[in-house]
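Have a look at input05.txt below; it lists compact mmCIF, C-alpha atoms.
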# COMPACT_ATOMS: atom_id res chain seq x y z
CA MET A 1 89.86 112.25 85.93
CA GLY A 2 90.96 115.41 87.71
CA VAL A 3 94.21 117.30 88.21
CA GLY A 4 95.00 119.93 90.81
CA VAL A 5 97.38 121.21 93.46
CA SER A 6 97.08 120.64 97.20
CA ARG A 7 98.59 122.24 100.29
CA THR A 8 99.00 119.30 102.65
CA TYR A 9 100.77 117.91 105.69
CA ARG A 10 100.94 114.36 104.31
CA VAL A 11 104.12 112.72 105.60
CA GLY A 12 104.08 115.36 108.35
CA ASN A 13 105.66 118.28 106.49
CA LEU A 14 104.05 121.26 104.83
CA ASN A 15 103.98 120.45 101.11
CA TYR A 16 102.50 121.78 97.90
CA VAL A 17 101.94 118.80 95.62
CA PRO A 18 100.24 118.06 92.33
CA VAL A 19 97.16 115.87 92.81
CA ILE A 20 95.72 113.41 90.32
CA MET A 21 92.30 111.85 90.80
CA PHE A 22 91.46 108.86 88.63
CA ASP A 23 88.46 106.60 89.20
CA TRP A 24 87.78 103.88 86.66
CA THR A 25 85.40 100.91 86.48
CA SER A 26 85.62 98.10 83.91
CA GLU A 27 82.72 97.34 81.57
CA ASN A 28 81.72 94.24 83.56
CA LYS A 29 81.72 96.37 86.79
CA LYS A 30 84.04 93.88 88.56
CA TRP A 31 87.36 95.77 88.49
CA GLY A 32 88.23 99.39 89.02
CA THR A 33 90.53 101.95 90.58
CA GLU A 34 90.09 104.59 93.27
CA ILE A 35 93.09 106.89 93.05
CA LEU A 36 93.78 110.26 94.65
CA PHE A 37 97.53 110.36 94.11
CA PRO A 38 99.77 110.88 96.10
CA ALA A 39 97.41 110.51 99.12
CA ARG A 40 96.03 107.07 98.26
CA ALA A 41 95.64 104.58 95.44
CA TYR A 42 93.56 101.40 95.34
CA LEU A 43 92.76 98.62 92.91
CA ARG A 44 89.12 97.60 93.51
CA TYR A 45 87.41 94.25 92.94
CA ASN A 46 83.61 94.22 93.28
CA ILE A 47 82.72 90.78 94.64
CA ASN A 48 79.02 91.61 94.27
CA GLN A 49 76.88 94.76 94.65
CA ASN A 50 77.20 94.59 98.46
CA SER A 51 80.88 93.62 98.94
CA LEU A 52 84.21 94.78 97.59
CA LEU A 53 87.91 94.20 98.08
CA LEU A 54 90.54 96.97 97.87
CA ALA A 55 94.33 96.64 97.60
CA GLY A 56 96.58 99.68 97.69
CA PHE A 57 98.14 102.26 99.97
CA ASP A 58 97.48 105.37 102.06
CA LEU A 59 100.02 108.11 102.61
CA GLU A 60 99.34 109.45 106.12
CA GLY A 61 100.73 112.34 108.10
CA GLN A 62 100.11 115.15 110.53
CA SER A 63 102.03 117.87 112.24
CA TYR A 64 101.72 118.50 116.00
CA ARG A 65 102.99 121.63 117.76
CA ILE A 66 104.27 120.96 121.30
CA ASP A 67 104.91 124.34 122.90
CA GLU A 68 105.10 122.86 126.41
CA TYR A 69 108.49 121.32 125.59
CA SER A 70 110.15 124.45 124.26
CA VAL A 71 113.89 125.02 124.44
CA ASN A 72 115.35 128.54 124.54
CA GLY A 73 111.90 129.96 123.74
CA ASN A 74 111.61 127.81 120.61
CA SER A 75 108.79 125.28 120.29
CA TYR A 76 108.88 121.85 118.64
CA GLU A 77 106.62 120.45 115.96
CA ILE A 78 106.40 116.69 115.45
CA ARG A 79 106.26 115.71 111.78
CA ARG A 80 104.52 112.32 111.65
CA GLY A 81 104.36 110.50 108.35
CA GLU A 82 103.82 106.93 107.23
CA VAL A 83 102.97 104.82 104.21
CA ARG A 84 100.35 102.10 104.74
CA PRO A 85 100.10 99.38 102.09
CA LYS A 86 96.97 97.39 102.89
CA LEU A 87 94.11 95.12 101.91
CA GLU A 88 90.56 96.09 102.81
CA PHE A 89 87.27 94.21 102.66
CA GLN A 90 84.02 96.23 102.75
CA THR A 91 80.51 94.84 102.97
CA LYS A 92 77.05 96.31 103.31
CA ILE A 93 75.31 95.46 106.59
CA SER A 94 72.00 97.27 106.10
CA GLY A 95 70.86 100.35 104.21
CA TYR A 96 73.69 102.88 104.36
CA ILE A 97 75.68 101.02 107.05
CA TRP A 98 78.82 99.23 105.85
CA ALA A 99 81.50 97.30 107.75
CA SER A 100 85.17 97.22 106.81
CA VAL A 101 88.17 95.11 107.79
CA GLN A 102 91.70 96.28 106.96
CA ALA A 103 95.08 94.60 107.34
CA GLY A 104 98.42 95.98 106.26
CA PHE A 105 101.88 97.22 107.09
CA ARG A 106 102.72 100.63 108.55
CA TYR A 107 106.03 101.95 107.20
CA ASP A 108 107.38 104.85 109.29
CA TRP A 109 108.50 107.65 106.93
CA SER A 110 109.15 110.13 109.72
CA TYR A 111 108.31 110.83 113.36
CA ASP A 112 110.85 113.55 113.91
CA ALA A 113 110.43 117.05 115.32
CA ASP A 114 111.49 120.44 113.99
CA GLU A 115 112.63 123.16 116.36
CA LEU A 116 110.69 126.30 115.43
CA ASP A 117 112.34 129.63 116.14
CA GLY A 118 109.23 131.75 116.67
CA GLU A 119 108.82 132.48 112.96
CA GLY A 120 106.27 129.66 112.69
CA ASP A 121 106.15 126.86 110.17
CA PHE A 122 108.70 126.57 107.39
CA PHE A 123 108.76 124.62 104.14
CA ARG A 124 110.69 121.33 104.28
CA GLY A 125 108.80 119.43 101.58
CA PHE A 126 109.03 115.67 101.06
CA PHE A 127 112.79 115.72 100.57
CA GLY A 128 114.02 118.77 102.54
CA ASP A 129 117.49 118.45 104.05
CA GLN A 130 117.15 120.75 107.11
CA ASP A 131 118.33 119.18 110.38
CA PHE A 132 115.60 118.01 112.76
CA GLY A 133 115.63 119.26 116.35
CA MET A 134 114.67 115.79 117.62
CA VAL A 135 115.02 112.47 115.77
CA ASN A 136 112.96 109.39 116.70
CA SER A 137 113.13 105.78 115.63
CA LEU A 138 109.99 103.65 115.34
CA GLU A 139 109.39 100.07 114.28
CA ASN A 140 107.31 99.23 111.21
CA PRO A 141 104.43 97.06 112.52
CA PHE A 142 101.60 95.22 110.85
CA PHE A 143 98.15 96.63 111.61
CA PHE A 144 94.56 95.45 111.69
CA ASN A 145 91.47 97.68 111.74
CA VAL A 146 87.73 97.00 111.94
CA GLY A 147 85.30 99.80 111.10
CA LEU A 148 81.64 100.66 110.82
CA ASN A 149 80.82 103.32 108.20
CA PHE A 150 77.82 105.39 107.16
CA VAL A 151 77.89 105.59 103.35
CA SER A 152 75.70 108.28 101.83
CA PRO A 153 73.66 107.39 98.72
Here is a file; write its structure as structure tokens.
Amino acid sequence: MGVGVSRTYRVGNLNYVPVIMFDWTSENKKWGTEILFPARAYLRYNINQNSLLLAGFDLEGQSYRIDEYSVNGNSYEIRRGEVRPKLEFQTKISGYIWASVQAGFRYDWSYDADELDGEGDFFRGFFGDQDFGMVNSLENPFFFNVGLNFVSP
């Protein structure tokens, strides 16, 4: 178990958040958790030593500066954030090569843009109430992802 503080752009806004890491495996090695809260949290089921199933969520986000679309000398910064509840199956193919298949739902937290006045970034936090310079509306789709991963020993 670990506890700390992180400076992050999860959910698209500059935030300072407490972080809790908790990894646990049951005595029979079948069940466990992989948690780095608030970024992600998973319940893990080990099917066998070469395959596992994860159920949980990822909290995603980035911030993109778009100076080319400035207004009155002010630039915009898109604050993209989403929550992705999902199921994931991982299996070993050979050696350190693993394959993964994910399916889930992408919930749009935010895809809005702040108008920056030349002073640079400012602190909005998860629940800031400052007005956005541009407000967008996105659907919340299901997603599917297939991956190939190199897993170090």
Could I get the residues of stretch 53-146 of chain A with an atom no further than 12 Å from an atom of stretch 31-36 of chain A, each paired with its nearest atom pair and that distance in Å to one decimal, using only C-alpha atoms, sorted by chain and residue number, as a Markdown table?
| residue | atom | partner | partner_atom | distance |
| --- | --- | --- | --- | --- |
| A:Leu53 | CA | A:Trp31 | CA | 9.7 |
| A:Leu54 | CA | A:Thr33 | CA | 8.8 |
| A:Ala55 | CA | A:Thr33 | CA | 9.6 |
| A:Gly56 | CA | A:Ile35 | CA | 9.3 |
| A:Phe57 | CA | A:Ile35 | CA | 9.7 |
| A:Asp58 | CA | A:Leu36 | CA | 9.6 |
| A:Leu59 | CA | A:Leu36 | CA | 10.3 |
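With all atoms listed in the file as the atoms that count, the minimum distance from A:Asp67 to the choices A:Val135, A:Asp129, A:Val17, A:Asp117 is reached by A:Asp117.
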Nearest-residue call for A:Ile20, choices A:Arg79, A:Arg40, A:Arg84, A:Lys92, using all atoms listed in the file: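 Ranking A:Arg79, A:Arg40, A:Arg84, A:Lys92 by distance to A:Ile20, first place goes to A:Arg40.
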Mind checking which residues fall within 9 Å of stretch 106-112 of chain A, counting all atoms listed in the file, ignoring those fewer than 5 positions away in the same chain, and posting them as a VMD selection string? chain A and resid 11 to 12 61 77 to 86 132 to 143
Residue contacts of A:Pro153 (10 Å, all atoms listed in the file) excluding same-chain residues fewer than 3 positions away, as a PyMOL selection string: chain A and resi 95-96+150
Neighbourhood query: residues within 9 Å of (78.2, 96.8, 101.0), file coordinates, counting all atoms listed in the file; return as a list in words.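 Every residue inside that radius is included here: Asn48, Gln49, Asn50, Ser51, Leu52, Gln90, Thr91, Lys92, Ile93, Ser94, Gly95, Tyr96, Ile97, Trp98 and Ala99 of chain A.
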Saved selection, atoms kept: C-alpha atoms, as a CSV table (one decimal), in the coordinates of the input:
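The resulting file, again_16.csv, is reproduced below:
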chain,number,residue,atom,x,y,z
A,48,ASN,CA,79.0,91.6,94.3
A,49,GLN,CA,76.9,94.8,94.6
A,50,ASN,CA,77.2,94.6,98.5
A,51,SER,CA,80.9,93.6,98.9
A,52,LEU,CA,84.2,94.8,97.6
A,90,GLN,CA,84.0,96.2,102.8
A,91,THR,CA,80.5,94.8,103.0
A,92,LYS,CA,77.0,96.3,103.3
A,93,ILE,CA,75.3,95.5,106.6
A,94,SER,CA,72.0,97.3,106.1
A,95,GLY,CA,70.9,100.4,104.2
A,96,TYR,CA,73.7,102.9,104.4
A,97,ILE,CA,75.7,101.0,107.0
A,98,TRP,CA,78.8,99.2,105.8
A,99,ALA,CA,81.5,97.3,107.8
